[in-house]
$ cat target01.cif   # mmCIF, C-alpha atoms
data_data
#
loop_
_atom_site.label_atom_id
_atom_site.label_comp_id
_atom_site.auth_asym_id
_atom_site.auth_seq_id
_atom_site.Cartn_x
_atom_site.Cartn_y
_atom_site.Cartn_z
CA MET F 8 17.39 46.06 -19.07
CA SER F 9 20.20 45.79 -16.55
CA ARG F 10 22.47 42.80 -16.53
CA ILE F 11 21.83 39.99 -14.05
CA HIS F 12 24.14 39.67 -11.08
CA VAL F 13 24.97 36.04 -10.32
CA THR F 14 26.86 34.56 -7.38
CA THR F 15 27.90 30.96 -7.84
CA THR F 16 30.68 28.50 -7.01
CA ILE F 17 33.08 27.51 -9.77
CA ASN F 18 35.69 24.83 -9.08
CA GLY F 19 35.21 25.43 -5.37
CA ASP F 20 35.66 29.22 -5.49
CA GLU F 21 32.81 31.65 -4.93
CA THR F 22 32.49 33.64 -8.13
CA GLU F 23 30.39 36.65 -9.16
CA TYR F 24 29.56 37.79 -12.64
CA LEU F 25 27.13 39.87 -14.64
CA CYS F 26 25.30 38.36 -17.61
CA GLU F 27 22.54 39.08 -20.07
CA PRO F 28 19.38 36.94 -19.75
CA GLN F 29 20.15 35.07 -22.97
CA ASP F 30 23.83 34.38 -22.14
CA THR F 31 24.56 30.70 -21.68
CA LEU F 32 26.75 29.38 -18.90
CA LEU F 33 29.26 28.55 -21.64
CA ASP F 34 29.25 32.19 -22.81
CA VAL F 35 29.88 33.31 -19.24
CA LEU F 36 32.66 30.80 -18.59
CA ARG F 37 34.53 31.67 -21.78
CA ASP F 38 33.83 35.37 -22.29
CA GLU F 39 33.38 36.74 -18.77
CA LEU F 40 35.51 34.45 -16.63
CA ASP F 41 38.22 33.53 -19.15
CA LEU F 42 37.71 29.80 -18.46
CA THR F 43 38.19 28.79 -22.08
CA GLY F 44 38.76 25.07 -21.50
CA SER F 45 35.08 24.38 -22.17
CA LYS F 46 34.60 24.58 -25.93
CA GLU F 47 31.70 25.61 -28.11
CA GLY F 48 31.17 23.00 -30.78
CA CYS F 49 27.52 22.89 -31.82
CA ALA F 50 25.81 25.23 -29.30
CA SER F 51 22.83 22.88 -29.41
CA GLY F 52 23.69 20.15 -26.89
CA ASP F 53 24.74 17.57 -29.45
CA CYS F 54 28.55 17.51 -29.26
CA GLY F 55 29.42 17.64 -25.55
CA ALA F 56 32.52 19.84 -26.02
CA CYS F 57 31.13 22.27 -23.42
CA SER F 58 30.45 19.58 -20.77
CA VAL F 59 30.63 20.76 -17.16
CA MET F 60 29.25 19.54 -13.84
CA LEU F 61 26.30 21.54 -12.43
CA ASP F 62 25.35 20.57 -8.86
CA GLY F 63 26.90 17.15 -9.46
CA ARG F 64 25.20 16.54 -12.82
CA LEU F 65 26.99 16.28 -16.14
CA VAL F 66 25.43 18.90 -18.45
CA CYS F 67 26.15 20.82 -21.63
CA SER F 68 26.95 24.37 -20.49
CA CYS F 69 25.57 25.63 -23.82
CA LEU F 70 22.14 24.42 -22.66
CA VAL F 71 22.27 26.24 -19.30
CA LEU F 72 21.63 29.97 -18.93
CA GLY F 73 24.25 31.90 -16.99
CA ALA F 74 21.47 33.27 -14.79
CA GLU F 75 20.45 29.74 -13.78
CA ALA F 76 23.79 29.16 -12.03
CA GLU F 77 22.87 31.44 -9.12
CA GLY F 78 23.71 29.58 -5.90
CA ARG F 79 24.75 26.43 -7.75
CA ALA F 80 28.10 24.64 -7.90
CA VAL F 81 29.86 24.43 -11.27
CA GLU F 82 32.91 22.30 -12.01
CA THR F 83 34.86 22.76 -15.23
CA ILE F 84 37.89 21.17 -16.85
CA GLU F 85 40.03 23.89 -15.22
CA GLY F 86 39.32 22.29 -11.83
CA MET F 87 40.27 18.76 -12.84
CA ALA F 88 44.01 18.79 -12.14
CA SER F 89 45.30 19.31 -8.58
CA GLY F 90 47.74 22.15 -9.11
CA GLU F 91 50.46 20.80 -11.38
CA GLU F 92 49.34 17.20 -10.91
CA LEU F 93 47.11 16.00 -13.70
CA HIS F 94 44.08 13.82 -13.01
CA PRO F 95 44.83 10.18 -13.97
CA LEU F 96 42.43 10.51 -16.92
CA GLN F 97 44.28 13.57 -18.21
CA GLN F 98 47.62 11.78 -17.93
CA ALA F 99 46.24 8.69 -19.64
CA PHE F 100 44.86 10.70 -22.55
CA ILE F 101 48.35 12.14 -23.13
CA ASP F 102 50.19 8.85 -22.61
CA LYS F 103 47.85 6.88 -24.86
CA ALA F 104 47.39 9.58 -27.49
CA ALA F 105 43.63 9.63 -26.94
CA LEU F 106 43.31 12.99 -28.68
CA GLN F 107 44.26 14.68 -31.89
CA CYS F 108 43.00 18.24 -32.37
CA GLY F 109 41.89 18.41 -28.72
CA ILE F 110 38.67 20.39 -29.09
CA CYS F 111 36.48 17.60 -27.74
CA THR F 112 38.98 16.53 -25.06
CA PRO F 113 37.98 18.78 -22.14
CA GLY F 114 34.34 17.72 -22.45
CA ILE F 115 35.27 14.05 -22.71
CA LEU F 116 37.52 14.29 -19.65
CA VAL F 117 34.79 15.95 -17.57
CA ALA F 118 32.26 13.32 -18.70
CA ALA F 119 34.64 10.39 -18.15
CA LYS F 120 35.58 11.61 -14.66
CA ASP F 121 31.89 11.69 -13.73
CA LEU F 122 31.43 8.16 -15.08
CA LEU F 123 34.35 6.74 -13.09
CA GLU F 124 33.14 8.42 -9.90
CA ARG F 125 29.74 6.78 -10.38
CA ASN F 126 31.02 3.48 -11.70
CA PRO F 127 34.69 2.64 -11.06
CA ASP F 128 34.46 -0.55 -13.14
CA PRO F 129 32.48 0.20 -16.32
CA THR F 130 32.28 -2.16 -19.27
CA GLU F 131 33.37 -0.96 -22.69
CA GLU F 132 29.70 -0.76 -23.69
CA GLU F 133 28.93 1.39 -20.65
CA VAL F 134 31.78 3.76 -21.48
CA ARG F 135 30.64 4.04 -25.10
CA TYR F 136 27.03 4.78 -24.14
CA TRP F 137 28.05 7.23 -21.40
CA LEU F 138 30.22 9.15 -23.88
CA ALA F 139 27.70 8.96 -26.77
CA GLY F 140 27.02 12.67 -26.27
CA ASN F 141 30.69 13.60 -26.73
CA LEU F 142 31.52 13.78 -30.41
CA CYS F 143 35.10 13.42 -31.66
CA ARG F 144 35.78 13.85 -35.38
CA CYS F 145 39.50 12.91 -35.23
CA THR F 146 40.22 9.78 -33.25
CA GLY F 147 37.56 7.28 -34.18
CA TYR F 148 36.99 6.91 -30.40
CA ASP F 149 38.95 3.68 -29.83
CA LYS F 150 41.91 5.31 -28.10
CA ILE F 151 39.55 7.40 -25.98
CA ILE F 152 37.58 4.37 -24.85
CA ARG F 153 40.77 2.42 -24.10
CA ALA F 154 42.25 5.33 -22.16
CA VAL F 155 39.12 5.52 -19.99
CA LEU F 156 39.03 1.76 -19.38
CA ASP F 157 42.78 1.62 -18.60
CA THR F 158 42.47 4.57 -16.21
CA ALA F 159 39.54 2.91 -14.47
CA ALA F 160 41.63 -0.23 -13.98
CA ASP F 161 44.62 1.80 -12.70
CA MET F 162 42.47 3.79 -10.29
CA ARG F 163 40.85 0.61 -8.95
CA GLY F 164 44.34 -0.87 -8.45
CA ALA F 165 45.53 2.23 -6.63
CA ALA F 166 42.51 2.45 -4.35
CA MET Y 11 14.24 39.63 -22.72
CA ARG Y 12 13.78 39.22 -18.97
CA PHE Y 13 14.77 36.24 -16.82
CA GLU Y 14 12.68 35.41 -13.76
CA ALA Y 15 13.04 32.54 -11.30
CA PRO Y 16 9.91 32.58 -9.08
CA THR Y 17 9.81 30.44 -5.94
CA SER Y 18 6.08 29.67 -5.88
CA PRO Y 19 3.80 28.15 -8.55
CA GLU Y 20 1.38 31.08 -8.13
CA ASP Y 21 4.10 33.61 -8.88
CA ALA Y 22 5.17 31.60 -11.91
CA ALA Y 23 1.60 31.54 -13.25
CA SER Y 24 1.21 35.30 -12.64
CA LEU Y 25 4.40 36.06 -14.53
CA LEU Y 26 3.40 33.78 -17.41
CA ALA Y 27 -0.11 35.25 -17.56
CA ALA Y 28 1.04 38.87 -17.44
CA THR Y 29 3.56 38.59 -20.26
CA ASP Y 30 2.96 38.11 -23.94
CA ASN Y 31 5.23 35.47 -25.36
CA ALA Y 32 6.70 34.18 -22.10
CA ARG Y 33 8.41 30.79 -22.07
CA VAL Y 34 8.76 28.24 -19.29
CA LEU Y 35 12.30 27.05 -18.63
CA ALA Y 36 12.67 23.63 -17.00
CA GLY Y 37 15.58 21.56 -18.32
CA GLY Y 38 16.18 23.94 -21.20
CA THR Y 39 17.36 21.24 -23.60
CA ASP Y 40 14.84 22.35 -26.22
CA LEU Y 41 14.26 25.98 -25.26
CA LEU Y 42 17.92 27.01 -25.36
CA VAL Y 43 18.43 25.38 -28.75
CA ARG Y 44 15.44 27.30 -30.12
CA LEU Y 45 16.63 30.54 -28.53
CA ARG Y 46 20.05 30.20 -30.09
CA ALA Y 47 18.56 29.35 -33.47
CA GLY Y 48 16.28 32.38 -33.30
CA GLN Y 49 13.17 30.18 -33.61
CA VAL Y 50 11.69 31.78 -30.49
CA GLU Y 51 12.17 35.31 -29.21
CA PRO Y 52 10.36 35.41 -25.86
CA GLU Y 53 9.94 38.59 -23.85
CA MET Y 54 10.44 36.63 -20.67
CA ILE Y 55 11.90 33.32 -19.57
CA VAL Y 56 10.39 31.88 -16.38
CA ASP Y 57 12.72 29.37 -14.74
CA ILE Y 58 10.41 27.13 -12.69
CA LYS Y 59 13.20 25.13 -11.04
CA ARG Y 60 13.34 27.44 -7.98
CA ILE Y 61 9.77 26.49 -7.00
CA ALA Y 62 9.90 24.53 -3.75
CA GLY Y 63 9.52 20.78 -4.26
CA ILE Y 64 9.45 20.91 -8.05
CA ASP Y 65 12.57 18.75 -8.30
CA ALA Y 66 11.07 15.96 -6.17
CA ILE Y 67 9.81 12.44 -6.88
CA THR Y 68 7.35 11.68 -4.08
CA SER Y 69 5.20 8.73 -3.11
CA GLU Y 70 1.57 9.88 -2.92
CA ASP Y 71 -1.51 7.74 -2.16
CA GLY Y 72 0.22 4.65 -3.48
CA GLY Y 73 1.30 6.32 -6.70
CA TRP Y 74 4.12 8.65 -7.70
CA ARG Y 75 4.24 12.42 -8.19
CA ILE Y 76 7.06 13.63 -10.42
CA GLY Y 77 7.85 17.35 -10.39
CA ALA Y 78 8.44 19.43 -13.50
CA GLY Y 79 12.04 20.04 -12.48
CA VAL Y 80 12.98 16.35 -12.16
CA SER Y 81 15.64 15.42 -14.69
CA CYS Y 82 15.26 12.18 -16.60
CA ALA Y 83 18.58 11.07 -15.09
CA ALA Y 84 17.07 11.47 -11.61
CA MET Y 85 14.12 9.30 -12.66
CA GLY Y 86 16.53 6.60 -13.82
CA GLU Y 87 18.30 6.64 -10.46
CA HIS Y 88 15.06 6.24 -8.46
CA ASP Y 89 14.85 2.50 -7.79
CA ALA Y 90 11.33 2.41 -6.34
CA LEU Y 91 9.87 4.42 -9.23
CA GLY Y 92 11.65 2.16 -11.69
CA ALA Y 93 10.29 -0.93 -9.94
CA ASP Y 94 6.69 0.34 -10.27
CA TYR Y 95 6.93 1.95 -13.71
CA PRO Y 96 9.91 0.55 -15.62
CA GLY Y 97 8.24 1.52 -18.92
CA VAL Y 98 7.80 5.16 -17.95
CA VAL Y 99 11.40 5.32 -16.75
CA GLU Y 100 12.86 3.62 -19.82
CA GLY Y 101 11.00 6.06 -22.07
CA ALA Y 102 12.39 9.02 -20.14
CA GLU Y 103 15.90 7.57 -20.17
CA LEU Y 104 15.94 7.21 -23.96
CA ILE Y 105 15.99 10.97 -24.48
CA GLY Y 106 19.35 12.37 -25.63
CA SER Y 107 22.85 11.88 -24.27
CA THR Y 108 24.13 11.62 -20.70
CA GLN Y 109 24.52 15.41 -20.71
CA VAL Y 110 20.97 15.96 -21.95
CA GLN Y 111 19.64 13.38 -19.45
CA GLY Y 112 21.08 15.50 -16.63
CA ARG Y 113 18.83 18.40 -17.61
CA CYS Y 114 15.88 17.24 -19.70
CA THR Y 115 12.55 16.62 -18.01
CA MET Y 116 9.62 14.34 -18.78
CA ILE Y 117 7.17 17.23 -18.46
CA GLY Y 118 9.26 19.36 -20.82
CA ASN Y 119 9.16 16.49 -23.29
CA LEU Y 120 5.35 16.45 -22.91
CA CYS Y 121 4.93 20.22 -23.29
CA ASN Y 122 7.06 20.43 -26.44
CA ALA Y 123 4.26 18.36 -27.97
CA GLY Y 124 6.60 16.63 -30.38
CA PRO Y 125 4.87 13.63 -32.01
CA ALA Y 126 7.91 11.42 -31.36
CA ALA Y 127 8.39 12.37 -27.67
CA ASP Y 128 9.80 9.21 -26.07
CA SER Y 129 8.50 9.77 -22.54
CA VAL Y 130 4.88 10.43 -23.48
CA PRO Y 131 3.43 7.06 -24.65
CA ALA Y 132 4.26 5.26 -21.38
CA MET Y 133 2.88 8.15 -19.32
CA VAL Y 134 -0.38 7.99 -21.27
CA ALA Y 135 -0.48 4.18 -20.99
CA ALA Y 136 -0.05 4.53 -17.23
CA GLY Y 137 -3.05 6.87 -17.04
CA ALA Y 138 -0.87 9.73 -15.82
CA ILE Y 139 -2.54 12.96 -14.69
CA ALA Y 140 -0.94 16.39 -15.18
CA HIS Y 141 -1.23 18.92 -12.35
CA VAL Y 142 -1.74 22.21 -14.20
CA VAL Y 143 -1.19 25.54 -12.44
CA GLY Y 144 -2.59 28.70 -13.96
CA PRO Y 145 -3.63 32.24 -13.10
CA LYS Y 146 -7.14 31.04 -12.13
CA GLY Y 147 -5.96 28.20 -9.93
CA THR Y 148 -5.09 24.58 -10.52
CA ARG Y 149 -6.67 21.76 -12.50
CA GLU Y 150 -5.93 18.09 -13.19
CA ALA Y 151 -5.82 16.89 -16.80
CA PRO Y 152 -5.03 13.49 -18.33
CA VAL Y 153 -1.59 13.60 -19.92
CA PHE Y 154 -3.20 12.37 -23.15
CA GLU Y 155 -5.08 15.68 -23.45
CA ILE Y 156 -1.99 17.91 -23.13
CA PRO Y 157 -0.51 17.59 -26.65
CA VAL Y 158 -2.91 18.64 -29.42
CA SER Y 159 -0.82 18.68 -32.57
CA PRO Y 160 2.90 19.04 -33.37
CA GLY Y 161 4.23 21.83 -31.14
CA LYS Y 162 0.78 22.73 -29.74
CA THR Y 163 -0.65 21.94 -26.30
CA SER Y 164 -4.04 22.43 -24.67
CA LEU Y 165 -2.50 24.64 -21.96
CA ALA Y 166 -4.06 28.11 -21.74
CA LYS Y 167 -2.08 31.33 -21.44
CA GLY Y 168 -0.37 31.47 -18.07
CA GLU Y 169 -0.74 27.75 -17.42
CA PHE Y 170 2.13 25.35 -16.84
CA ILE Y 171 2.40 21.76 -15.60
CA ALA Y 172 3.93 21.62 -12.12
CA SER Y 173 3.92 17.83 -11.78
CA VAL Y 174 2.61 14.57 -13.20
CA TYR Y 175 0.93 11.88 -11.10
CA LEU Y 176 1.31 8.18 -11.86
CA PRO Y 177 -1.54 6.19 -10.25
CA PRO Y 178 -0.92 3.29 -7.83
CA ARG Y 179 0.80 0.41 -9.60
CA GLY Y 180 -1.25 -2.36 -7.97
CA ALA Y 181 -0.08 -5.84 -7.12
CA ARG Y 182 0.08 -7.35 -10.61
CA GLY Y 183 0.93 -4.56 -12.99
CA GLY Y 184 3.71 -3.92 -15.46
CA ASP Y 185 4.63 -1.63 -18.31
CA ALA Y 186 7.18 -1.33 -21.10
CA TYR Y 187 8.24 1.14 -23.78
CA LEU Y 188 10.09 0.31 -26.97
CA ARG Y 189 11.05 2.52 -29.87
CA PHE Y 190 12.64 2.04 -33.25
CA ILE Y 191 15.42 4.38 -34.33
CA PRO Y 192 17.75 4.02 -37.32
CA ARG Y 193 20.82 4.25 -35.05
CA THR Y 194 21.55 2.69 -31.64
CA GLU Y 195 21.58 5.88 -29.53
CA MET Y 196 20.73 9.57 -29.62
CA ASP Y 197 18.07 9.59 -32.29
CA ILE Y 198 14.40 10.45 -32.68
CA ALA Y 199 11.86 7.64 -32.69
CA ALA Y 200 10.50 6.48 -36.05
CA VAL Y 201 7.95 4.49 -34.02
CA GLY Y 202 7.37 4.28 -30.26
CA CYS Y 203 5.04 1.94 -28.38
CA ALA Y 204 4.12 1.66 -24.70
CA VAL Y 205 2.05 -1.09 -23.11
CA ASN Y 206 0.68 -1.00 -19.56
CA LEU Y 207 -1.05 -4.08 -18.08
CA SER Y 208 -2.81 -5.16 -14.88
CA LEU Y 209 -3.40 -8.87 -14.30
CA ALA Y 210 -6.22 -10.70 -12.51
CA ASP Y 211 -5.50 -13.31 -9.83
CA ASP Y 212 -5.49 -16.07 -12.45
CA GLY Y 213 -2.75 -14.37 -14.47
CA THR Y 214 -4.95 -13.15 -17.32
CA VAL Y 215 -4.87 -9.53 -18.42
CA GLU Y 216 -7.58 -7.51 -16.66
CA LYS Y 217 -6.71 -4.01 -17.86
CA ALA Y 218 -4.54 -3.02 -20.80
CA SER Y 219 -3.39 0.11 -22.54
CA VAL Y 220 -1.42 0.27 -25.79
CA VAL Y 221 -0.16 3.73 -26.77
CA LEU Y 222 1.73 4.68 -29.94
CA GLY Y 223 4.19 7.51 -30.52
CA ALA Y 224 5.69 9.03 -33.70
CA VAL Y 225 3.01 7.53 -35.95
CA GLY Y 226 0.52 10.40 -35.84
CA PRO Y 227 0.38 14.14 -35.13
CA LYS Y 228 0.07 13.29 -31.44
CA VAL Y 229 0.25 10.23 -29.22
CA ILE Y 230 -2.35 7.55 -30.17
CA GLU Y 231 -4.35 5.33 -27.80
CA ALA Y 232 -4.72 2.03 -29.68
CA ALA Y 233 -7.87 0.79 -27.93
CA GLU Y 234 -8.40 -2.26 -30.16
CA ALA Y 235 -4.81 -3.37 -29.68
CA ALA Y 236 -5.37 -3.16 -25.91
CA ALA Y 237 -8.70 -5.00 -26.16
CA ALA Y 238 -6.94 -7.87 -27.95
CA LEU Y 239 -4.94 -8.55 -24.78
CA ILE Y 240 -7.84 -8.47 -22.27
CA GLY Y 241 -8.65 -11.87 -20.77
CA THR Y 242 -5.57 -13.50 -22.31
CA THR Y 243 -2.18 -14.56 -20.99
CA CYS Y 244 -0.48 -12.66 -23.83
CA ASP Y 245 -0.15 -15.90 -25.78
CA ASP Y 246 0.96 -15.83 -29.40
CA THR Y 247 -2.60 -15.53 -30.75
CA ALA Y 248 -3.37 -12.55 -28.52
CA LEU Y 249 -0.05 -10.90 -29.36
CA ALA Y 250 -0.67 -11.34 -33.09
CA ALA Y 251 -4.11 -9.74 -32.76
CA CYS Y 252 -2.63 -6.91 -30.70
CA ALA Y 253 0.09 -6.33 -33.33
CA GLU Y 254 -2.41 -6.29 -36.18
CA ALA Y 255 -4.65 -3.79 -34.36
CA ALA Y 256 -1.66 -1.57 -33.50
CA THR Y 257 -0.58 -1.52 -37.14
CA ALA Y 258 -4.12 -0.55 -38.13
CA ALA Y 259 -4.23 2.25 -35.55
CA ALA Y 260 -0.97 3.85 -36.70
CA THR Y 261 -1.31 6.87 -39.01
CA PRO Y 262 2.32 7.77 -39.78
CA ILE Y 263 3.73 10.06 -42.46
CA ASP Y 264 6.48 9.33 -44.96
CA ASP Y 265 9.66 11.09 -43.97
CA LYS Y 266 13.41 10.55 -43.81
CA ARG Y 267 13.03 8.27 -40.80
CA GLY Y 268 10.73 5.79 -42.51
CA THR Y 269 7.93 5.18 -44.97
CA VAL Y 270 4.28 4.81 -43.99
CA GLU Y 271 4.33 1.09 -44.80
CA PHE Y 272 7.51 0.45 -42.81
CA ARG Y 273 6.37 2.42 -39.79
CA LYS Y 274 2.98 0.71 -39.66
CA ASP Y 275 4.69 -2.67 -39.82
CA VAL Y 276 7.19 -1.74 -37.09
CA THR Y 277 4.32 -0.47 -34.91
CA GLY Y 278 2.90 -3.99 -34.81
CA VAL Y 279 6.29 -5.53 -34.05
CA LEU Y 280 6.92 -3.13 -31.17
CA ALA Y 281 3.39 -3.60 -29.78
CA ARG Y 282 3.89 -7.37 -29.69
CA ARG Y 283 7.31 -7.11 -28.03
CA ALA Y 284 6.30 -4.41 -25.54
CA ALA Y 285 3.19 -6.39 -24.55
CA ARG Y 286 5.29 -9.46 -23.90
CA ILE Y 287 7.75 -7.49 -21.72
CA ALA Y 288 4.94 -5.73 -19.83
CA TYR Y 289 3.24 -9.07 -19.19
CA THR Y 290 6.45 -10.63 -17.90
CA ARG Y 291 6.96 -7.67 -15.59
CA ALA Y 292 3.35 -7.76 -14.41
CA LYS Y 293 3.80 -11.39 -13.41
CA GLY Y 294 6.77 -10.31 -11.31
CA GLU Y 295 9.27 -12.13 -13.49
CA THR Y 296 12.41 -10.45 -14.72
CA SER Y 297 12.61 -9.42 -18.35
#
$ encode --input "target01.cif" --output "structure tokens"
Amino acid sequence: MSRIHVTTTINGDETEYLCEPQDTLLDVLRDELDLTGSKEGCASGDCGACSVMLDGRLVCSCLVLGAEAEGRAVETIEGMASGEELHPLQQAFIDKAALQCGICTPGILVAAKDLLERNPDPTEEEVRYWLAGNLCRCTGYDKIIRAVLDTAADMRGAA
Amino acid sequence: MRFEAPTSPEDAASLLAATDNARVLAGGTDLLVRLRAGQVEPEMIVDIKRIAGIDAITSEDGGWRIGAGVSCAAMGEHDALGADYPGVVEGAELIGSTQVQGRCTMIGNLCNAGPAADSVPAMVAAGAIAHVVGPKGTREAPVFEIPVSPGKTSLAKGEFIASVYLPPRGARGGDAYLRFIPRTEMDIAAVGCAVNLSLADDGTVEKASVVLGAVGPKVIEAAEAAAALIGTTCDDTALAACAEAATAAATPIDDKRGTVEFRKDVTGVLARRAARIAYTRAKGETS
């Protein structure tokens, strides 16, 4: 069986790759395209470390086949900063120490960015529910939640 | 393994019929987990999301048609659907995390035939009809008849569900779905209960449906619990009778999520609460 040829858009750039039918989008991102910011935690959609945007929807890339991305638009953590300038969420996570080992951080940043684009003024409860699918075994979540809420307030102030 | 993404329902049915051990891919939130775990080893995966219109929620003859490619998140964002069937939508929205919501589908939830499927009781209570496409053509089947036992459906080889139809809501109708889980989020129901009501002009219940999830090998229609609400205004006496009948109708197993006794008791509690919410919604009041 020949490999599947896929043409898709990743972080705004048209991208082509070959994949096996059973390869997940996460496999393709990490192993074919060297976009290793998305992490494999559970490979079963529970931990959110592989979170990416697919046609404007937050998804676990471990639950998407690489072949499904044909003609779609994928956004990963690698597309979050503008050149050298970090996204306000990325800067806030550093400034407020909202990470320890960092494995869950790319997925949380992608998920939090989607939340703030949909809802610039979320409550703490809304942030916690939105991020319920992003597991972190280091921080205890409080610094993450505060970093997201503080960033939301800063971005509202700047707008 | 082959991957196919047909663009017509007929092509999808042909592929499914012509292949032993083919699997339908919609949201993939169950299939990909099983693939990775080696629980299924299909010869072919048929991605149905390229079929024209399959990702649409459309108004049809006063009711709603929901395609097999519609994510539960998309259902939650559809205000008019949520206004007509808040119970169906809240069941669908209880499945998984934000990430899973972006992919998982109500029809996938139905076709996995899991006893605790959160989106199924409210669909059954609503009288939803599945539009089944197969190699010999199409047929309509009540959603209640799709699951048969844990993991098994009544779909024949080559058949798949392309959409589900929710009938017209009517002027004085309302529904609700509640579940009990040991945590506050991202868990599997120990008990689920949906109630769907239509009221007469005088505010009494004219038609009722009470449907239980996770307390039997498949979804249960609790006819006596529904009958207890007919002709009433969902007063405390009627709700108590409904709860007692729902408890009696539940046939749960003992497992790590709850004992038989606990789950039967919770079934009654949820039936009472869901009936009250559905009645409030049917009267056009906020709940």
$ resolve_selection --input "target01.cif" --expression "the PyMOL selection byres ((chain Y) within 12 of (chain F))" --output "NGL selection string"
:Y and (11-16 or 35-48 or 50-60 or 81-84 or 87 or 104-114 or 193-197)
$ closest_residue --input "target01.cif" --among "F:Gly114, F:Gly109, F:Pro129, F:Gly86" --to "F:Cys145" --atoms "only C-alpha atoms"
F:Gly109
$ resolve_selection --input "target01.cif" --expression "the PyMOL selection byres ((chain Y and resi 95-99) around 6)" --output "list of chain:residue names"
Y:Leu91, Y:Gly92, Y:Ala93, Y:Asp94, Y:Glu100, Y:Gly101, Y:Ala102, Y:Ala132, Y:Met133, Y:Asp185, Y:Ala186, Y:Tyr187
$ residues_around --input "target01.cif" --residues "Y:Cys244" --least-positions-apart "5" --cutoff "7 Å" --atoms "all atoms listed in the file" --output "list in words"
Leu239, Leu249, Arg286 and Tyr289 of chain Y
$ write_last_selection --input "target01.cif" --atoms "C-alpha atoms" --output "mmCIF file, keeping the file's coordinate frame"
data_model
loop_
_atom_site.group_PDB
_atom_site.id
_atom_site.type_symbol
_atom_site.label_atom_id
_atom_site.label_comp_id
_atom_site.auth_asym_id
_atom_site.auth_seq_id
_atom_site.Cartn_x
_atom_site.Cartn_y
_atom_site.Cartn_z
ATOM 1 C CA LEU Y 239 -4.940 -8.550 -24.780
ATOM 2 C CA LEU Y 249 -0.050 -10.900 -29.360
ATOM 3 C CA ARG Y 286 5.290 -9.460 -23.900
ATOM 4 C CA TYR Y 289 3.240 -9.070 -19.190
#
$ closest_residue --input "target01.cif" --among "Y:Gly144, Y:Gly202, Y:Gly184, Y:Gly278" --to "Y:Gly168" --atoms "all atoms listed in the file"
Y:Gly144
$ closest_residue --input "target01.cif" --among "F:Thr15, F:Glu21, F:Phe100, F:Cys111" --to "F:Glu47" --atoms "all atoms listed in the file"
F:Cys111
$ atom_distance --input "target01.cif" --atom1 "atom CA of Y:Ile240" --atom2 "atom CA of Y:Val153"
23.1 Å
$ atom_distance --input "target01.cif" --atom1 "atom CA of F:Leu33" --atom2 "atom CA of F:Gly48"
10.9 Å
$ residues_around --input "target01.cif" --residues "stretch 71-80 of chain Y" --least-positions-apart "2" --cutoff "6 Å" --atoms "all atoms listed in the file" --output "list in words"
Ala36, Lys59, Ile64, Asp65, Ala66, Ile67, Thr68, Ser69, Thr115, Ile117, Ala172, Ser173, Val174, Tyr175, Leu176, Pro177 and Pro178 of chain Y
$ atom_distance --input "target01.cif" --atom1 "atom CA of Y:Ala259" --atom2 "atom CA of Y:Ala232"
5.9 Å
$ residues_around --input "target01.cif" --residues "Y:Ala251" --least-positions-apart "3" --cutoff "6 Å" --atoms "only C-alpha atoms" --output "CSV table (one decimal) with C-alpha atoms, keeping the file's coordinate frame"
chain,number,residue,atom,x,y,z
Y,238,ALA,CA,-6.9,-7.9,-28.0
Y,248,ALA,CA,-3.4,-12.6,-28.5
Y,254,GLU,CA,-2.4,-6.3,-36.2
